[in-house]
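Structure file run-v1.csv (CSV, C-alpha atoms) is printed below.
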chain,number,residue,atom,x,y,z
J,1,MET,CA,-14.0,41.6,-30.2
J,2,LYS,CA,-17.7,42.4,-30.5
J,3,ARG,CA,-18.6,46.0,-29.9
J,4,SER,CA,-21.9,47.4,-28.7
J,5,THR,CA,-23.4,50.8,-28.6
J,6,VAL,CA,-24.5,52.4,-25.4
J,7,GLU,CA,-26.2,55.8,-25.1
J,8,LEU,CA,-24.8,57.7,-22.1
J,9,GLU,CA,-25.9,60.9,-20.7
J,10,ILE,CA,-23.1,62.9,-18.9
J,11,ALA,CA,-22.9,66.2,-17.2
J,12,PRO,CA,-21.9,69.2,-19.4
J,13,GLU,CA,-18.7,69.9,-17.4
J,14,ILE,CA,-17.6,66.3,-17.8
J,15,GLU,CA,-18.3,66.4,-21.5
J,16,GLU,CA,-16.2,69.6,-21.8
J,17,TYR,CA,-13.4,68.0,-19.8
J,18,VAL,CA,-13.4,64.9,-22.0
J,19,ARG,CA,-13.6,67.1,-25.1
J,20,VAL,CA,-10.5,69.1,-24.0
J,21,ILE,CA,-8.6,65.9,-23.4
J,22,ALA,CA,-9.6,64.5,-26.7
J,23,GLU,CA,-8.5,67.6,-28.6
J,24,GLY,CA,-5.2,67.5,-26.7
J,25,GLU,CA,-4.7,63.8,-27.6
J,26,ASN,CA,-5.9,64.4,-31.2
J,27,CYS,CA,-8.5,61.7,-31.0
J,28,SER,CA,-12.2,61.2,-30.5
J,29,ILE,CA,-14.3,61.7,-27.4
J,30,GLU,CA,-15.4,58.1,-27.7
J,31,SER,CA,-11.8,56.8,-27.6
J,32,ILE,CA,-11.1,58.8,-24.5
J,33,LEU,CA,-14.2,57.5,-22.8
J,34,GLN,CA,-13.3,53.9,-23.9
J,35,GLU,CA,-9.8,54.2,-22.6
J,36,GLY,CA,-11.1,55.7,-19.3
J,37,LEU,CA,-13.5,52.8,-18.8
J,38,ALA,CA,-10.8,50.3,-19.7
J,39,LEU,CA,-8.5,51.8,-17.1
J,40,LEU,CA,-11.4,52.0,-14.5
J,41,PHE,CA,-12.1,48.3,-14.9
J,42,GLY,CA,-8.5,47.2,-15.1
J,43,ASN,CA,-8.5,46.3,-18.8
J,44,ASN,CA,-4.9,46.5,-20.0
J,45,SER,CA,-5.7,45.3,-23.5
J,46,ILE,CA,-5.6,48.9,-24.9
J,47,VAL,CA,-2.0,49.5,-23.7
J,48,GLU,CA,-1.0,46.0,-24.8
J,49,TYR,CA,-2.6,46.6,-28.2
J,50,GLN,CA,-0.7,49.9,-28.6
J,51,LEU,CA,2.6,48.3,-27.5
J,52,ASN,CA,2.2,45.5,-30.0
J,53,ARG,CA,1.2,47.9,-32.7
J,54,LEU,CA,4.5,49.9,-32.4
J,55,CYS,CA,6.4,47.4,-34.5
J,56,ASP,CA,4.4,48.5,-37.5
J,57,CYS,CA,5.3,52.2,-37.0
J,58,THR,CA,7.8,54.1,-39.1
J,59,ASP,CA,10.9,55.4,-37.4
J,60,GLU,CA,9.5,58.9,-37.7
J,61,GLN,CA,6.3,57.8,-35.9
J,62,LEU,CA,8.4,56.2,-33.1
J,63,TRP,CA,10.4,59.3,-32.7
J,64,ALA,CA,7.2,61.4,-32.5
J,65,LEU,CA,6.0,59.1,-29.8
J,66,VAL,CA,9.3,59.4,-27.9
J,67,TYR,CA,8.9,63.2,-27.8
J,68,GLN,CA,5.2,63.2,-27.1
J,69,ARG,CA,4.2,64.9,-23.9
J,70,LEU,CA,1.1,66.1,-22.1
J,71,THR,CA,-0.4,69.2,-23.7
J,72,GLN,CA,0.4,72.5,-21.9
J,73,SER,CA,-3.1,72.7,-20.4
J,74,GLN,CA,-3.0,69.0,-19.2
J,75,ASP,CA,0.4,69.5,-17.6
J,76,TYR,CA,-0.8,72.7,-15.9
J,77,ARG,CA,-3.9,70.9,-14.6
J,78,MET,CA,-2.0,67.9,-13.4
J,79,ARG,CA,0.5,70.0,-11.5
J,80,GLU,CA,-2.4,72.0,-10.0
J,81,LEU,CA,-4.1,68.8,-8.9
J,82,LEU,CA,-0.8,67.4,-7.5
J,83,TYR,CA,-0.2,70.5,-5.5
J,84,ARG,CA,-3.8,70.6,-4.1
J,85,GLY,CA,-3.6,66.8,-3.5
J,86,SER,CA,-0.5,67.4,-1.3
J,87,GLU,CA,-2.6,69.8,0.7
J,88,GLY,CA,-5.4,67.2,1.0
J,89,THR,CA,-8.0,69.4,-0.7
J,90,LEU,CA,-9.0,67.3,-3.7
J,91,THR,CA,-12.6,66.3,-4.3
J,92,LYS,CA,-13.5,62.8,-5.4
J,93,GLN,CA,-13.9,64.0,-9.0
J,94,GLU,CA,-10.5,65.9,-8.9
J,95,ASN,CA,-8.9,62.8,-7.5
J,96,ALA,CA,-10.3,60.8,-10.4
J,97,GLU,CA,-9.0,63.4,-12.8
J,98,LEU,CA,-5.6,63.3,-11.2
J,99,GLN,CA,-5.6,59.5,-11.5
J,100,TYR,CA,-6.4,59.8,-15.2
J,101,PHE,CA,-3.4,62.0,-15.7
J,102,VAL,CA,-1.1,59.7,-13.8
J,103,ASP,CA,-2.4,56.7,-15.9
J,104,LEU,CA,-1.9,58.8,-19.0
J,105,VAL,CA,1.7,59.6,-18.1
J,106,ASP,CA,2.4,56.0,-17.2
J,107,ARG,CA,1.0,54.8,-20.5
J,108,GLN,CA,3.1,57.4,-22.4
J,109,MET,CA,6.2,56.3,-20.5
J,110,LEU,CA,5.5,52.6,-21.4
J,111,LEU,CA,5.0,53.5,-25.1
J,112,ARG,CA,8.0,55.8,-25.1
J,113,SER,CA,10.2,53.1,-23.6
J,114,ARG,CA,9.1,50.5,-26.1
J,115,ALA,CA,9.6,53.0,-29.0
J,116,LEU,CA,13.1,53.6,-27.8
J,117,VAL,CA,13.9,49.9,-27.7
J,118,LEU,CA,12.5,49.5,-31.3
J,119,LEU,CA,14.5,52.5,-32.5
J,120,LYS,CA,17.7,51.0,-31.0
J,121,GLU,CA,17.0,47.7,-32.6
J,122,ARG,CA,16.6,49.5,-35.9
J,123,GLY,CA,20.1,51.0,-35.5
J,124,HIS,CA,19.3,54.5,-34.2
J,125,ASP,CA,21.5,56.2,-31.6
J,126,ILE,CA,19.1,56.6,-28.7
J,127,ASP,CA,21.9,57.9,-26.4
J,128,VAL,CA,21.2,61.4,-27.7
J,129,TYR,CA,17.7,61.1,-26.3
J,130,LEU,CA,18.9,59.5,-23.0
J,131,ASN,CA,21.6,62.2,-22.5
J,132,THR,CA,24.2,59.4,-21.9
J,133,LYS,CA,26.4,60.1,-24.9
J,134,ALA,CA,28.4,62.7,-23.0
J,135,GLU,CA,29.0,60.2,-20.2
J,136,VAL,CA,30.1,57.5,-22.7
J,137,GLU,CA,32.8,59.7,-24.4

Before anything else, please render the file you have as structure tokens.
Amino acid sequence: MKRSTVELEIAPEIEEYVRVIAEGENCSIESILQEGLALLFGNNSIVEYQLNRLCDCTDEQLWALVYQRLTQSQDYRMRELLYRGSEGTLTKQENAELQYFVDLVDRQMLLRSRALVLLKERGHDIDVYLNTKAEVE
């Protein structure tokens, strides 16, 4: 895929928000913006790429992905937005922010599910993670 460079001027508060997300995800600001644009325009190729790439991960990397969650600040912010959304007091920007978190959680769930399938195929006991072992015995 051919890439191009675009210079983009954004408001300082948006830059700070994206910077916090990037730090929490341990990735670059550019990748967060690219993922956000891909989600905005309905491009699922990023998620598909990540799902396909999981086969190359070590077991340790897959387990890390299984246990990956939102950062504490992201979780707090998402809960705050969900609460305010239930009261109907979200701005357009806050609604977009909430949608970002929902998409992020959905993506994590997809990746986590695929990682668990791969770990099971590799002979790992995933019942421990699923809390079904007690029911089986």

At a cut-off of 10 Å from (7.5, 49.3, -24.9) in the coordinates of the file, what residues are picked up using all atoms listed in the file, written as a ChimeraX atom specification?
/J:47-48,50-52,54-55,107-118

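Of the residues under consideration (J:Leu98, J:Ile14, J:Cys27, J:Ile126), J:Leu98 shows the shortest atom-to-atom contact distance to Gln74 (chain J) when counting all atoms listed in the file.
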
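The closest residue to Gly24 (chain J), picked from J:Asp125, J:Asp75, J:Asp103, J:Glu94 and counting all atoms listed in the file, is J:Asp75.
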
Counting all atoms listed in the file, which of J:Leu130, J:Ile21, J:Leu119, J:Asn26 gets nearest to Arg77 (chain J)?
J:Ile21
